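Pasted below: target05.txt, compact mmCIF, C-alpha atoms.
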```txt
# COMPACT_ATOMS: atom_id res chain seq x y z
CA MET A 1 -62.41 17.33 -63.49
CA SER A 2 -58.67 16.66 -63.47
CA LEU A 3 -56.85 18.18 -66.43
CA LEU A 4 -53.19 17.66 -67.32
CA ILE A 5 -52.03 20.20 -69.89
CA ALA A 6 -48.79 19.12 -71.60
CA GLY A 7 -47.00 21.43 -74.00
CA SER A 8 -44.53 24.25 -74.42
CA ILE A 9 -43.56 26.82 -71.80
CA ALA A 10 -41.78 29.84 -73.26
CA THR A 11 -41.22 33.58 -73.11
CA ASP A 12 -41.25 36.06 -75.98
CA HIS A 13 -38.71 38.89 -76.03
CA LEU A 14 -40.01 41.49 -78.46
CA MET A 15 -38.11 44.61 -79.57
CA SER A 16 -38.75 47.45 -82.00
CA PHE A 17 -36.15 49.04 -84.29
CA GLN A 18 -37.07 52.50 -85.56
CA GLY A 19 -35.00 52.33 -88.74
CA ARG A 20 -35.32 49.94 -91.68
CA PHE A 21 -33.37 46.69 -91.69
CA ALA A 22 -33.07 46.97 -95.47
CA ASP A 23 -31.04 50.18 -95.12
CA SER A 24 -28.39 48.32 -93.12
CA LEU A 25 -27.92 45.38 -95.47
CA VAL A 26 -25.46 45.35 -98.36
CA VAL A 27 -26.71 42.67 -100.73
CA ASP A 28 -23.34 41.67 -102.20
CA GLN A 29 -21.78 41.46 -98.72
CA LEU A 30 -24.33 39.20 -97.01
CA ASP A 31 -21.75 36.42 -96.70
CA LYS A 32 -19.87 38.77 -94.32
CA LEU A 33 -22.97 39.95 -92.49
CA SER A 34 -22.32 41.60 -89.13
CA VAL A 35 -24.88 44.17 -88.04
CA SER A 36 -26.22 45.58 -84.80
CA PHE A 37 -29.47 47.48 -84.24
CA LEU A 38 -30.23 49.89 -81.40
CA VAL A 39 -33.77 49.11 -80.26
CA GLU A 40 -36.09 51.48 -78.46
CA ASP A 41 -38.09 49.09 -76.30
CA LEU A 42 -38.28 45.57 -74.96
CA GLU A 43 -41.39 43.61 -74.04
CA ILE A 44 -41.09 40.26 -72.30
CA ARG A 45 -44.31 38.31 -72.65
CA ARG A 46 -45.20 35.03 -71.05
CA GLY A 47 -46.14 32.31 -73.50
CA GLY A 48 -46.00 28.69 -74.55
CA VAL A 49 -49.19 26.87 -75.52
CA ALA A 50 -49.51 24.83 -72.33
CA ALA A 51 -48.86 27.78 -70.04
CA ASN A 52 -51.32 29.94 -72.00
CA MET A 53 -54.06 27.33 -71.71
CA CYS A 54 -53.40 26.80 -68.02
CA PHE A 55 -53.62 30.54 -67.37
CA GLY A 56 -57.01 30.67 -69.11
CA LEU A 57 -58.32 27.69 -67.17
CA GLY A 58 -57.20 29.31 -63.95
CA GLN A 59 -59.06 32.50 -64.85
CA LEU A 60 -62.25 30.45 -65.06
CA GLY A 61 -61.71 28.77 -61.72
CA VAL A 62 -60.39 25.42 -62.96
CA ARG A 63 -57.04 24.34 -61.49
CA PRO A 64 -55.07 22.58 -64.26
CA VAL A 65 -51.79 20.68 -63.90
CA LEU A 66 -49.06 22.12 -66.11
CA VAL A 67 -46.83 19.44 -67.66
CA GLY A 68 -43.73 20.70 -69.45
CA ALA A 69 -40.06 21.52 -69.15
CA ALA A 70 -38.49 24.85 -68.20
CA GLY A 71 -35.17 26.22 -66.95
CA GLU A 72 -34.11 27.57 -63.58
CA ASP A 73 -35.17 31.00 -64.90
CA PHE A 74 -38.79 29.79 -64.60
CA ALA A 75 -39.15 30.99 -60.99
CA ASP A 76 -40.93 34.30 -61.71
CA TYR A 77 -43.12 32.74 -64.38
CA ARG A 78 -44.01 29.91 -61.97
CA SER A 79 -45.08 32.43 -59.34
CA TRP A 80 -47.27 34.25 -61.86
CA LEU A 81 -49.01 31.06 -62.95
CA GLU A 82 -49.49 29.78 -59.41
CA ARG A 83 -51.04 33.12 -58.41
CA HIS A 84 -53.52 32.54 -61.22
CA GLY A 85 -54.59 29.07 -60.17
CA VAL A 86 -52.17 26.79 -62.01
CA ASP A 87 -50.52 23.71 -60.45
CA CYS A 88 -46.85 24.04 -61.47
CA GLY A 89 -45.57 21.40 -59.08
CA HIS A 90 -44.82 18.91 -61.85
CA VAL A 91 -42.90 21.10 -64.30
CA ARG A 92 -39.50 19.58 -65.07
CA ILE A 93 -36.69 22.05 -64.34
CA SER A 94 -33.60 21.60 -66.49
CA ASP A 95 -30.19 21.71 -64.83
CA THR A 96 -28.46 22.99 -67.97
CA ARG A 97 -30.91 24.86 -70.21
CA HIS A 98 -32.97 28.01 -70.04
CA THR A 99 -36.70 28.14 -70.63
CA ALA A 100 -37.59 28.21 -74.32
CA ARG A 101 -37.33 31.72 -75.72
CA PHE A 102 -38.46 33.58 -78.84
CA VAL A 103 -36.42 36.74 -79.53
CA CYS A 104 -37.70 39.03 -82.26
CA THR A 105 -36.91 42.56 -83.49
CA THR A 106 -39.38 44.28 -85.82
CA ASP A 107 -38.86 47.41 -87.92
CA PRO A 108 -41.60 49.90 -88.98
CA THR A 109 -42.13 48.07 -92.30
CA GLY A 110 -43.02 44.86 -90.47
CA ALA A 111 -39.75 43.14 -91.36
CA GLN A 112 -38.49 40.91 -88.58
CA ILE A 113 -35.24 39.31 -87.46
CA ALA A 114 -36.01 36.53 -85.01
CA SER A 115 -34.56 33.48 -83.29
CA PHE A 116 -36.21 30.66 -81.36
CA TYR A 117 -34.28 28.85 -78.65
CA PRO A 118 -36.03 25.59 -77.65
CA GLY A 119 -33.84 25.16 -74.58
CA ALA A 120 -35.46 23.15 -71.82
CA MET A 121 -38.43 22.33 -74.05
CA SER A 122 -36.35 19.54 -75.59
CA GLU A 123 -36.41 17.79 -72.20
CA ALA A 124 -40.17 17.27 -72.38
CA ARG A 125 -39.38 13.85 -73.84
CA LEU A 126 -38.01 12.89 -70.41
CA ILE A 127 -41.32 13.51 -68.61
CA GLU A 128 -43.38 10.46 -67.63
CA LEU A 129 -47.07 11.03 -66.92
CA GLY A 130 -47.52 8.04 -64.60
CA PRO A 131 -45.74 9.52 -61.56
CA ILE A 132 -47.64 12.78 -61.99
CA VAL A 133 -50.97 10.95 -62.11
CA ALA A 134 -49.97 8.98 -59.00
CA ARG A 135 -49.72 12.30 -57.14
CA VAL A 136 -52.66 14.24 -58.59
CA GLY A 137 -55.12 11.45 -59.44
CA GLU A 138 -56.51 9.92 -62.61
CA PRO A 139 -56.96 12.59 -65.28
CA ASP A 140 -60.26 13.14 -67.01
CA TYR A 141 -58.17 14.39 -69.94
CA VAL A 142 -54.52 14.84 -70.82
CA LEU A 143 -54.12 17.53 -73.46
CA VAL A 144 -51.01 16.96 -75.57
CA GLY A 145 -50.13 20.31 -77.13
CA ALA A 146 -47.28 21.56 -79.29
CA ASP A 147 -43.96 20.76 -77.66
CA ASP A 148 -40.80 18.77 -78.34
CA PRO A 149 -42.06 16.24 -80.95
CA ASP A 150 -40.53 13.26 -79.13
CA GLY A 151 -42.17 14.48 -75.94
CA MET A 152 -45.55 14.77 -77.65
CA LEU A 153 -45.24 11.25 -79.00
CA ARG A 154 -44.18 9.88 -75.61
CA HIS A 155 -47.15 11.48 -73.85
CA THR A 156 -49.59 10.25 -76.50
CA ASP A 157 -48.25 6.69 -76.40
CA GLU A 158 -48.37 6.67 -72.61
CA CYS A 159 -51.97 7.86 -72.62
CA ARG A 160 -52.94 5.00 -74.91
CA GLN A 161 -50.99 2.45 -72.86
CA ARG A 162 -52.33 3.59 -69.48
CA GLY A 163 -55.84 4.34 -70.68
CA TYR A 164 -55.78 8.08 -70.01
CA PRO A 165 -58.28 9.91 -72.25
CA PHE A 166 -56.26 12.39 -74.29
CA ILE A 167 -56.81 15.47 -76.41
CA ALA A 168 -54.64 15.96 -79.48
CA ASP A 169 -53.61 19.55 -80.19
CA PRO A 170 -50.49 19.40 -82.41
CA SER A 171 -51.01 22.94 -83.78
CA GLN A 172 -47.62 24.60 -84.39
CA GLN A 173 -45.81 21.29 -84.83
CA LEU A 174 -47.95 20.21 -87.79
CA ALA A 175 -45.82 22.13 -90.28
CA PHE A 176 -42.70 20.25 -89.16
CA SER A 177 -44.27 16.79 -88.79
CA ASP A 178 -44.73 14.11 -91.41
CA GLY A 179 -47.92 12.16 -91.91
CA GLY A 180 -46.76 9.17 -89.91
CA LEU A 181 -46.09 11.25 -86.79
CA ILE A 182 -49.37 13.15 -87.11
CA ARG A 183 -51.33 9.91 -87.38
CA LYS A 184 -49.68 8.65 -84.19
CA LEU A 185 -50.43 11.92 -82.37
CA ILE A 186 -54.15 12.00 -83.16
CA ASP A 187 -55.23 8.35 -83.41
CA GLY A 188 -57.53 7.51 -80.52
CA ALA A 189 -57.88 11.08 -79.24
CA ALA A 190 -61.10 11.92 -77.43
CA ILE A 191 -60.90 15.41 -78.96
CA LEU A 192 -58.80 16.82 -81.81
CA PHE A 193 -58.27 20.59 -81.77
CA SER A 194 -57.16 22.50 -84.87
CA ASN A 195 -57.87 25.64 -86.82
CA GLU A 196 -59.19 25.46 -90.39
CA TYR A 197 -55.76 25.62 -92.03
CA GLU A 198 -54.37 23.00 -89.66
CA SER A 199 -57.34 20.76 -90.36
CA ALA A 200 -56.54 20.85 -94.08
CA MET A 201 -52.87 20.18 -93.30
CA ILE A 202 -53.79 17.14 -91.22
CA GLU A 203 -55.82 15.74 -94.11
CA GLN A 204 -53.07 16.42 -96.64
CA LYS A 205 -50.21 14.98 -94.57
CA THR A 206 -51.99 11.95 -93.13
CA GLY A 207 -53.77 11.06 -96.35
CA TRP A 208 -56.98 10.69 -94.32
CA SER A 209 -60.21 12.30 -95.49
CA ALA A 210 -62.33 14.35 -93.09
CA ASP A 211 -64.55 11.32 -92.49
CA GLU A 212 -61.55 9.08 -91.91
CA ILE A 213 -60.18 11.48 -89.31
CA LEU A 214 -63.50 11.27 -87.47
CA SER A 215 -63.16 7.49 -87.44
CA HIS A 216 -59.91 7.92 -85.48
CA VAL A 217 -61.01 10.61 -82.98
CA GLY A 218 -64.09 11.10 -80.86
CA THR A 219 -64.71 14.77 -81.64
CA GLN A 220 -62.98 17.27 -83.92
CA VAL A 221 -63.17 20.91 -82.86
CA THR A 222 -62.09 23.30 -85.61
CA THR A 223 -61.78 27.02 -84.96
CA LEU A 224 -62.71 29.26 -87.88
CA GLY A 225 -61.34 32.64 -86.79
CA LYS A 226 -63.93 35.40 -87.01
CA ASP A 227 -66.42 32.84 -88.35
CA GLY A 228 -66.57 30.90 -85.08
CA VAL A 229 -66.13 27.19 -84.56
CA ARG A 230 -67.19 23.86 -86.02
CA ILE A 231 -67.66 20.66 -83.99
CA SER A 232 -67.73 17.37 -85.90
CA ARG A 233 -68.45 13.82 -84.71
CA ALA A 234 -68.85 10.63 -86.70
CA GLY A 235 -72.52 9.90 -87.34
CA GLU A 236 -73.64 13.14 -85.67
CA GLU A 237 -74.88 16.42 -87.07
CA THR A 238 -72.15 19.05 -87.32
CA ILE A 239 -72.42 21.93 -84.85
CA GLU A 240 -71.43 25.38 -86.11
CA LEU A 241 -71.36 28.36 -83.81
CA PRO A 242 -70.52 32.03 -84.42
CA ALA A 243 -67.65 33.83 -82.73
CA ALA A 244 -68.34 36.20 -79.85
CA ARG A 245 -69.97 39.46 -80.91
CA ASP A 246 -68.43 42.93 -81.17
CA VAL A 247 -64.83 41.87 -80.77
CA VAL A 248 -62.25 44.62 -81.34
CA ALA A 249 -59.24 42.69 -82.59
CA VAL A 250 -55.82 43.98 -81.52
CA GLU A 251 -53.38 41.04 -81.48
CA PRO A 252 -54.21 37.41 -82.46
CA THR A 253 -51.35 35.62 -80.69
CA GLY A 254 -52.66 33.10 -78.15
CA VAL A 255 -56.29 33.28 -79.27
CA GLY A 256 -56.44 29.57 -80.07
CA ASP A 257 -54.96 28.68 -76.67
CA ALA A 258 -57.61 30.80 -74.94
CA PHE A 259 -60.40 29.13 -76.92
CA ARG A 260 -59.13 25.72 -75.83
CA ALA A 261 -58.94 26.86 -72.20
CA GLY A 262 -62.50 28.12 -72.25
CA PHE A 263 -63.75 24.99 -74.00
CA LEU A 264 -62.03 22.71 -71.49
CA ALA A 265 -63.18 24.74 -68.50
CA ALA A 266 -66.77 24.38 -69.65
CA LEU A 267 -66.28 20.65 -70.19
CA ALA A 268 -65.02 20.50 -66.60
CA TRP A 269 -68.26 22.17 -65.50
CA GLY A 270 -70.21 19.43 -67.25
CA VAL A 271 -72.00 21.55 -69.84
CA GLY A 272 -72.43 20.35 -73.44
CA LEU A 273 -70.20 20.81 -76.46
CA GLU A 274 -72.14 23.79 -77.80
CA ARG A 275 -71.95 25.71 -74.54
CA SER A 276 -68.27 24.77 -74.17
CA ALA A 277 -67.52 26.27 -77.57
CA GLN A 278 -69.37 29.46 -76.63
CA VAL A 279 -67.31 29.84 -73.44
CA GLY A 280 -64.18 29.23 -75.52
CA CYS A 281 -65.14 31.93 -77.99
CA VAL A 282 -65.77 34.49 -75.25
CA LEU A 283 -62.44 33.77 -73.54
CA ALA A 284 -60.71 34.02 -76.93
CA ALA A 285 -62.26 37.46 -77.41
CA TYR A 286 -60.44 38.74 -74.33
CA VAL A 287 -57.10 37.62 -75.72
CA VAL A 288 -57.56 39.01 -79.22
CA GLU A 289 -58.43 42.38 -77.67
CA THR A 290 -55.21 42.41 -75.62
CA VAL A 291 -51.51 42.58 -76.45
CA GLY A 292 -49.96 39.51 -74.82
CA THR A 293 -51.32 36.03 -74.27
CA GLN A 294 -51.80 36.28 -70.48
CA GLU A 295 -52.49 39.97 -69.93
CA TYR A 296 -56.29 39.87 -69.88
CA SER A 297 -58.56 39.91 -66.85
CA PHE A 298 -62.26 40.08 -66.11
CA THR A 299 -64.76 39.70 -63.31
CA PRO A 300 -67.38 36.94 -63.40
CA SER A 301 -70.07 39.54 -64.09
CA GLN A 302 -68.12 40.97 -67.02
CA PHE A 303 -67.58 37.52 -68.49
CA LEU A 304 -71.23 36.60 -68.09
CA ALA A 305 -72.32 39.86 -69.73
CA ARG A 306 -70.26 38.96 -72.81
CA VAL A 307 -71.71 35.45 -72.87
CA GLU A 308 -75.23 36.87 -72.74
CA HIS A 309 -74.48 39.52 -75.36
CA SER A 310 -73.15 36.91 -77.77
CA TYR A 311 -75.22 33.82 -77.04
CA GLY A 312 -78.26 34.83 -75.00
CA ALA A 313 -79.59 34.77 -71.46
CA ALA A 314 -79.94 30.98 -71.29
CA ALA A 315 -76.24 30.54 -72.03
CA ALA A 316 -75.29 33.13 -69.42
CA ASP A 317 -77.52 31.52 -66.79
CA GLU A 318 -75.93 28.11 -67.33
CA VAL A 319 -72.40 29.50 -67.18
CA ALA A 320 -73.22 31.65 -64.14
CA ALA A 321 -73.73 28.60 -61.97
CA HIS A 322 -70.08 27.69 -62.47
CA LEU A 323 -68.51 31.16 -62.14
CA LYS A 324 -69.96 32.09 -58.76
CA ALA A 325 -66.84 31.05 -56.86
CA VAL A 326 -64.35 32.64 -59.24
CA GLY A 327 -62.63 35.67 -57.71
```
What does this structure look like when you write it as structure tokens?
Amino acid sequence: MSLLIAGSIATDHLMSFQGRFADSLVVDQLDKLSVSFLVEDLEIRRGGVAANMCFGLGQLGVRPVLVGAAGEDFADYRSWLERHGVDCGHVRISDTRHTARFVCTTDPTGAQIASFYPGAMSEARLIELGPIVARVGEPDYVLVGADDPDGMLRHTDECRQRGYPFIADPSQQLAFSDGGLIRKLIDGAAILFSNEYESAMIEQKTGWSADEILSHVGTQVTTLGKDGVRISRAGEETIELPAARDVVAVEPTGVGDAFRAGFLAALAWGVGLERSAQVGCVLAAYVVETVGTQEYSFTPSQFLARVEHSYGAAAADEVAAHLKAVG
């Protein structure tokens, strides 16, 4: 299966301040604010929804095509992704902007001072899918994930015009999008991904009921956190599956991206929706148990053991046939 994964590419720069921000702020002088904080550590984590999904797909032996925009500072990140099975040959490199960056400092109370620099991400609107497809072949799916909104709309429109099956995954951009844009991003999607809160937001902003959404998309896959996942299709019985068992949650960032990667990898193997969701849940468990969205690893035998522990021997046997070649 050929998968094009379009969406954000970013890095997170995370720092910790040992004092309290509140102790450094003078309320009646905030209009003259000028403060500096000495931080004790710095973590640089790879991220961006498209890059996270591609990493997960690569871990399961599926070679996805990353579609997004980054800066010239992307070189090390590119090497990392390529070492983990991702085709980065079609990433647009900006001549003037750095890769998107989230910079955040947190104090012991949990208070944060943060900035997000979209940078090269805003150039996603300049990417045309047609030339990429001409080089890599017709896609079985193009996933359109959170990115520059104009870029998301361009990719979705091009998929409809050229007949590429697409997956709508607006996620983080839902809060900033109006109903008209959301309708354009999901109408005609083969699959719509969302979590439970996002699903409610889609209904509220589009004005479409749950049944009406299903009349516009082939399948809606809704993640339910610790309660698992729900798969809905018009005229079909709803499938509900539990999350993976005995998960020790550490950090939730990137869990949804990992679920999508696992789900899509299993679709690429040709297994059904239920098994795809189970693979997604197991891959998501690795991320939630790890600090960082691309810091997890496993062997095929370890992954299969978790599948069997959560979903039984039959599930593990079916997945095993597709993990044999994964290093």
Distance query segment 290-302 of chain A at most 8 Å, all atoms listed in the file, self and fewer than 6 positions along chain excluded, as an mmCIF file with C-alpha atoms, in the frame of the given file:
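Dumped everything to around.cif:
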```cif
data_model
loop_
_atom_site.group_PDB
_atom_site.id
_atom_site.type_symbol
_atom_site.label_atom_id
_atom_site.label_comp_id
_atom_site.auth_asym_id
_atom_site.auth_seq_id
_atom_site.Cartn_x
_atom_site.Cartn_y
_atom_site.Cartn_z
ATOM 1 C CA ARG A 45 -44.310 38.310 -72.650
ATOM 2 C CA ARG A 46 -45.200 35.030 -71.050
ATOM 3 C CA GLY A 47 -46.140 32.310 -73.500
ATOM 4 C CA ASN A 52 -51.320 29.940 -72.000
ATOM 5 C CA PHE A 55 -53.620 30.540 -67.370
ATOM 6 C CA GLY A 56 -57.010 30.670 -69.110
ATOM 7 C CA GLN A 59 -59.060 32.500 -64.850
ATOM 8 C CA VAL A 250 -55.820 43.980 -81.520
ATOM 9 C CA GLU A 251 -53.380 41.040 -81.480
ATOM 10 C CA THR A 253 -51.350 35.620 -80.690
ATOM 11 C CA GLY A 254 -52.660 33.100 -78.150
ATOM 12 C CA VAL A 255 -56.290 33.280 -79.270
ATOM 13 C CA ALA A 320 -73.220 31.650 -64.140
ATOM 14 C CA LEU A 323 -68.510 31.160 -62.140
ATOM 15 C CA LYS A 324 -69.960 32.090 -58.760
ATOM 16 C CA VAL A 326 -64.350 32.640 -59.240
ATOM 17 C CA GLY A 327 -62.630 35.670 -57.710
#
```
Can you pull out every residue within 12 Å of Ala210 of chain A, counting all atoms listed in the file, but drop anything in the same chain fewer than 3 positions away, and send it as a tab-separated table (two decimals) with C-alpha atoms, in the coordinates of the input?
```tsv
chain	number	residue	atom	x	y	z
A	196	GLU	CA	-59.19	25.46	-90.39
A	199	SER	CA	-57.34	20.76	-90.36
A	200	ALA	CA	-56.54	20.85	-94.08
A	201	MET	CA	-52.87	20.18	-93.30
A	202	ILE	CA	-53.79	17.14	-91.22
A	203	GLU	CA	-55.82	15.74	-94.11
A	204	GLN	CA	-53.07	16.42	-96.64
A	206	THR	CA	-51.99	11.95	-93.13
A	207	GLY	CA	-53.77	11.06	-96.35
A	213	ILE	CA	-60.18	11.48	-89.31
A	214	LEU	CA	-63.50	11.27	-87.47
A	215	SER	CA	-63.16	7.49	-87.44
A	216	HIS	CA	-59.91	7.92	-85.48
A	217	VAL	CA	-61.01	10.61	-82.98
A	219	THR	CA	-64.71	14.77	-81.64
A	220	GLN	CA	-62.98	17.27	-83.92
A	222	THR	CA	-62.09	23.30	-85.61
A	232	SER	CA	-67.73	17.37	-85.90
A	233	ARG	CA	-68.45	13.82	-84.71
A	234	ALA	CA	-68.85	10.63	-86.70
```
How close does segment 40-130 of chain A get to segment 261-271 of chain A? List, as CSV, each residue of segment 40-130 of chain A within 9 Å, its nearest atom pair and the distance in Å to one decimal, counting all atoms listed in the file.
```
residue,atom,partner,partner_atom,distance
A:Asn52,CA,A:Ala261,CA,8.2
A:Met53,CA,A:Ala261,CA,4.9
A:Cys54,CA,A:Ala261,CA,6.9
A:Phe55,CA,A:Ala261,CA,8.1
A:Gly56,CA,A:Ala261,CA,5.3
A:Leu57,CA,A:Ala261,CA,5.1
A:Gly58,CA,A:Ala261,CA,8.8
A:Leu60,CA,A:Ala265,CA,6.7
A:Gly61,CA,A:Ala265,CA,8.0
A:Val62,CA,A:Ala265,CA,6.2
```
Here's a test: counting only C-alpha atoms, identify every protein, DNA and RNA residue with an atom at most 12 Å from (-52.8, 8.2, -70.9) in the file's coordinate frame, and state them as a ChimeraX atom specification.
/A:3-4,6,128-133,138-144,152-168,188-190
For Ala146 of chain A, the nearest of the candidates A:Phe102, A:Tyr311, A:Phe176, A:Tyr77, counting only C-alpha atoms:
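Of A:Phe102, A:Tyr311, A:Phe176, A:Tyr77, the one nearest Ala146 of chain A is A:Phe176, counting only C-alpha atoms.
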Neighbour list for Phe17 of chain A as a list in words, cut-off 9 Å, all atoms listed in the file, skip fewer than 5 positions in-chain:
Phe37, Leu38, Val39, Glu40, Asp41, Thr105, Thr106, Asp107 and Pro108 of chain A
Of the candidates A:Val279, A:Leu174, A:Ala120, A:Leu33, which shows the shortest atom-to-atom distance to Ala315 of chain A, using only C-alpha atoms?
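Ranking A:Val279, A:Leu174, A:Ala120, A:Leu33 by distance to Ala315 of chain A, first place goes to A:Val279.
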Which of these residues is nearest to Met15 of chain A, using all atoms listed in the file: A:Ala50, A:Leu81, A:Cys104, A:Ala70?
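Selected residue with least distance to Met15 of chain A: A:Cys104.
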Rebuild segment 65-73 of chain A to all heavy atoms - output it as a short mmCIF file (atom, residue, chain, number, x, y, z; two decimals), keeping the file's coordinate frame, please.
```
data_model
loop_
_atom_site.label_atom_id
_atom_site.label_comp_id
_atom_site.auth_asym_id
_atom_site.auth_seq_id
_atom_site.Cartn_x
_atom_site.Cartn_y
_atom_site.Cartn_z
N VAL A 65 -53.15 21.10 -64.20
CA VAL A 65 -51.79 20.68 -63.90
C VAL A 65 -50.93 20.93 -65.13
O VAL A 65 -51.18 20.36 -66.20
CB VAL A 65 -51.74 19.19 -63.51
CG1 VAL A 65 -50.29 18.76 -63.24
CG2 VAL A 65 -52.61 18.93 -62.28
N LEU A 66 -49.95 21.80 -65.01
CA LEU A 66 -49.06 22.12 -66.11
C LEU A 66 -47.97 21.05 -66.21
O LEU A 66 -47.28 20.75 -65.24
CB LEU A 66 -48.42 23.50 -65.89
CG LEU A 66 -47.38 23.96 -66.91
CD1 LEU A 66 -47.95 24.03 -68.32
CD2 LEU A 66 -46.82 25.33 -66.50
N VAL A 67 -47.83 20.47 -67.41
CA VAL A 67 -46.83 19.44 -67.66
C VAL A 67 -45.92 19.94 -68.78
O VAL A 67 -46.35 20.12 -69.92
CB VAL A 67 -47.48 18.11 -68.08
CG1 VAL A 67 -46.41 17.05 -68.37
CG2 VAL A 67 -48.43 17.62 -66.99
N GLY A 68 -44.66 20.20 -68.45
CA GLY A 68 -43.73 20.70 -69.45
C GLY A 68 -42.36 20.85 -68.82
O GLY A 68 -42.15 20.51 -67.65
N ALA A 69 -41.43 21.36 -69.61
CA ALA A 69 -40.06 21.52 -69.15
C ALA A 69 -39.64 22.98 -69.25
O ALA A 69 -39.94 23.65 -70.25
CB ALA A 69 -39.10 20.64 -69.96
N ALA A 70 -38.95 23.47 -68.23
CA ALA A 70 -38.49 24.85 -68.20
C ALA A 70 -37.11 24.88 -67.56
O ALA A 70 -36.61 23.86 -67.07
CB ALA A 70 -39.46 25.72 -67.41
N GLY A 71 -36.48 26.06 -67.57
CA GLY A 71 -35.17 26.22 -66.95
C GLY A 71 -35.27 26.80 -65.56
O GLY A 71 -36.37 27.10 -65.06
N GLU A 72 -34.13 27.00 -64.93
CA GLU A 72 -34.11 27.57 -63.58
C GLU A 72 -34.61 29.02 -63.59
O GLU A 72 -34.96 29.57 -62.54
CB GLU A 72 -32.70 27.49 -63.00
CG GLU A 72 -32.27 26.06 -62.68
CD GLU A 72 -30.93 25.98 -61.98
OE1 GLU A 72 -30.27 27.03 -61.84
OE2 GLU A 72 -30.55 24.87 -61.57
N ASP A 73 -34.65 29.64 -64.77
CA ASP A 73 -35.17 31.00 -64.90
C ASP A 73 -36.70 31.03 -64.87
O ASP A 73 -37.31 32.08 -65.09
CB ASP A 73 -34.66 31.64 -66.19
CG ASP A 73 -34.99 30.82 -67.43
OD1 ASP A 73 -35.22 29.60 -67.31
OD2 ASP A 73 -34.98 31.41 -68.53
#
```
